[in-house]
Amino acid sequence: MIAQGGIVAYPTESCYGLGCDPRLAPSVRRLLGIKRRSIDKGVILVGADWSQLSVYVDCSHREAIARAQESWPGPYTWLLPGEGRTPYWIRGDHPKVAVRVTSHPGAAALCRHARRALVSTSANRQGFPPASTFKEVSRTLGDEVDYILRGRVGQLSAPTTITDALSGDLIRQGGVQ
């Protein structure tokens with residue numbers, strides 16, 4: 001379903017996420033429409049392992065990548081320079097791409113099953129709190145997504161920490177487990 005352009009809601013480390021194949025612009029645009037979020041902001045990509053994410057990253061920045069890899073799998077999102085062909089609908093107005101090797105077993109299994117990284121953005125409309133249960137996603141977004149994966153969200157109390165891997169700047173402080 002994901003390879004055919006479907007949008008899936010799935011549990012992550014802190015809340016339910018919305019995901020799709022990041023290579024498919026119509027799917028990403030549809031997902032952003034569901035959220036009512038601007039394409040200019042970019043999206044986070046989540047993978048089961050580094051190989052699913054590396055195609056979107058300029059891999060010449062070895063030290064920055066090594067710093068990120070030390071925290072994975074885990075609830076840590078890193079901004080890394082985008083590979084030259086990383087599409088605008090992933091990066092938005094930014095030269096970097098946000099990536100995470102997830103520690104959530106359900107999200108990782110979904111990425112393995114799809115055989116690719118997925119877009120990972122909270123399951124909510126912009127300005128509203130993210131859904132944390134299957135029931136909440138069903139009630140608020142169920143008519144707009146193609147599938148809702150049942151499962152429990154992780155123990156993280158807020159979205160993942162985001163850090164710029166080149167500068168070390170903290171972009172967003174995440175929750176604690």
# chains A, B, ... in the order shown; residues from 1 in each chain; ligands from 1
>>> residues_around(residues="Gly154 in chain A", least_positions_apart="3", cutoff="7 Å", atoms="only C-alpha atoms", output="compact mmCIF listing (two decimals) with N, CA and C atoms, in the first residue's frame")
# COMPACT_ATOMS: atom_id res chain seq x y z
N THR A 12 4.70 5.75 17.05
CA THR A 12 6.13 6.07 17.10
C THR A 12 6.56 6.20 18.56
N GLU A 13 7.72 6.75 18.79
CA GLU A 13 8.28 6.87 20.13
C GLU A 13 7.42 7.72 21.07
N SER A 14 6.70 8.74 20.52
CA SER A 14 5.96 9.65 21.40
C SER A 14 4.48 9.80 21.07
N HIS A 104 11.36 2.65 17.89
CA HIS A 104 10.03 2.08 18.13
C HIS A 104 9.90 0.81 17.30
>>> select_by_dssp(residues="range 64-153 of chain A", states="helix (DSSP H, G or I)", output="list in words")
Ala64, Ile65, Ala66, Arg67, Ala68, Gln69, Glu70, Tyr88, Trp89, Ile90, Arg91, Pro105, Gly106, Ala107, Ala108, Ala109, Leu110, Cys111, Arg112, His113, Ala114, Phe134, Lys135, Glu136, Val137, Ser138, Arg139, Thr140 and Leu141 of chain A
>>> residues_around(residues="Val137 in chain A", least_positions_apart="2", cutoff="9 Å", atoms="only C-alpha atoms", output="list in words")
Ala9, Tyr16, Ala123, Asn124, Pro130, Ala131, Ser132, Thr133, Phe134, Lys135, Arg139, Thr140, Leu141, Gly142 and Ile148 of chain A
>>> write_last_selection(atoms="N, CA and C atoms", output="tab-separated table (two decimals), in the first residue's frame")
chain	number	residue	atom	x	y	z
A	9	ALA	N	-1.12	5.73	9.23
A	9	ALA	CA	-0.91	6.25	10.59
A	9	ALA	C	-0.32	5.11	11.40
A	16	TYR	N	1.26	8.93	17.65
A	16	TYR	CA	1.03	8.34	16.32
A	16	TYR	C	1.62	9.28	15.29
A	123	ALA	N	0.54	12.68	13.83
A	123	ALA	CA	-0.81	12.48	13.32
A	123	ALA	C	-1.75	13.48	13.97
A	124	ASN	N	-1.84	14.63	13.34
A	124	ASN	CA	-2.70	15.71	13.81
A	124	ASN	C	-2.76	16.80	12.73
A	130	PRO	N	-0.96	16.01	18.87
A	130	PRO	CA	-0.88	14.75	18.13
A	130	PRO	C	-1.70	13.65	18.79
A	131	ALA	N	-2.20	12.77	17.96
A	131	ALA	CA	-2.95	11.61	18.46
A	131	ALA	C	-1.99	10.64	19.14
A	132	SER	N	-2.44	10.04	20.22
A	132	SER	CA	-1.58	9.09	20.93
A	132	SER	C	-2.18	7.68	21.00
A	133	THR	N	-3.36	7.51	20.43
A	133	THR	CA	-3.99	6.19	20.42
A	133	THR	C	-4.63	5.92	19.06
A	134	PHE	N	-4.86	4.64	18.79
A	134	PHE	CA	-5.56	4.22	17.58
A	134	PHE	C	-6.93	4.92	17.51
A	135	LYS	N	-7.62	4.96	18.63
A	135	LYS	CA	-8.96	5.55	18.67
A	135	LYS	C	-8.93	7.04	18.30
A	139	ARG	N	-10.73	8.73	15.06
A	139	ARG	CA	-11.73	9.78	15.22
A	139	ARG	C	-11.36	11.05	14.46
A	140	THR	N	-10.09	11.44	14.49
A	140	THR	CA	-9.70	12.73	13.92
A	140	THR	C	-9.26	12.67	12.46
A	141	LEU	N	-8.63	11.58	12.05
A	141	LEU	CA	-8.07	11.51	10.70
A	141	LEU	C	-8.46	10.25	9.94
A	142	GLY	N	-9.26	9.38	10.56
A	142	GLY	CA	-9.55	8.07	10.00
A	142	GLY	C	-10.09	8.08	8.58
A	148	ILE	N	-4.57	2.52	9.39
A	148	ILE	CA	-4.08	2.85	10.74
A	148	ILE	C	-3.53	1.58	11.35
>>> residues_around(residues="Gln4 in chain A", least_positions_apart="4", cutoff="10 Å", atoms="only C-alpha atoms", output="PyMOL selection string")
chain A and resi 20-21+24+27
>>> residues_around(residues="range 36-41 of chain A", least_positions_apart="4", cutoff="7 Å", atoms="only C-alpha atoms", output="PyMOL selection string")
chain A and resi 32+89+92-93+125-126
>>> closest_atom_pairs(of="range 25-64 of chain A", to="range 165-171 of chain A", cutoff="9 Å", atoms="only C-alpha atoms", output="Markdown table")
| residue | atom | partner | partner_atom | distance |
| --- | --- | --- | --- | --- |
| A:His61 | CA | A:Leu166 | CA | 8.2 |
| A:Glu63 | CA | A:Leu166 | CA | 8.3 |
| A:Ala64 | CA | A:Ala165 | CA | 5.0 |
>>> write_last_selection(atoms="C-alpha atoms", output="mmCIF file, in the first residue's frame")
data_model
loop_
_atom_site.group_PDB
_atom_site.id
_atom_site.type_symbol
_atom_site.label_atom_id
_atom_site.label_comp_id
_atom_site.auth_asym_id
_atom_site.auth_seq_id
_atom_site.Cartn_x
_atom_site.Cartn_y
_atom_site.Cartn_z
ATOM 1 C CA HIS A 61 30.001 14.522 6.142
ATOM 2 C CA GLU A 63 31.841 13.006 11.396
ATOM 3 C CA ALA A 64 28.312 14.412 11.482
#
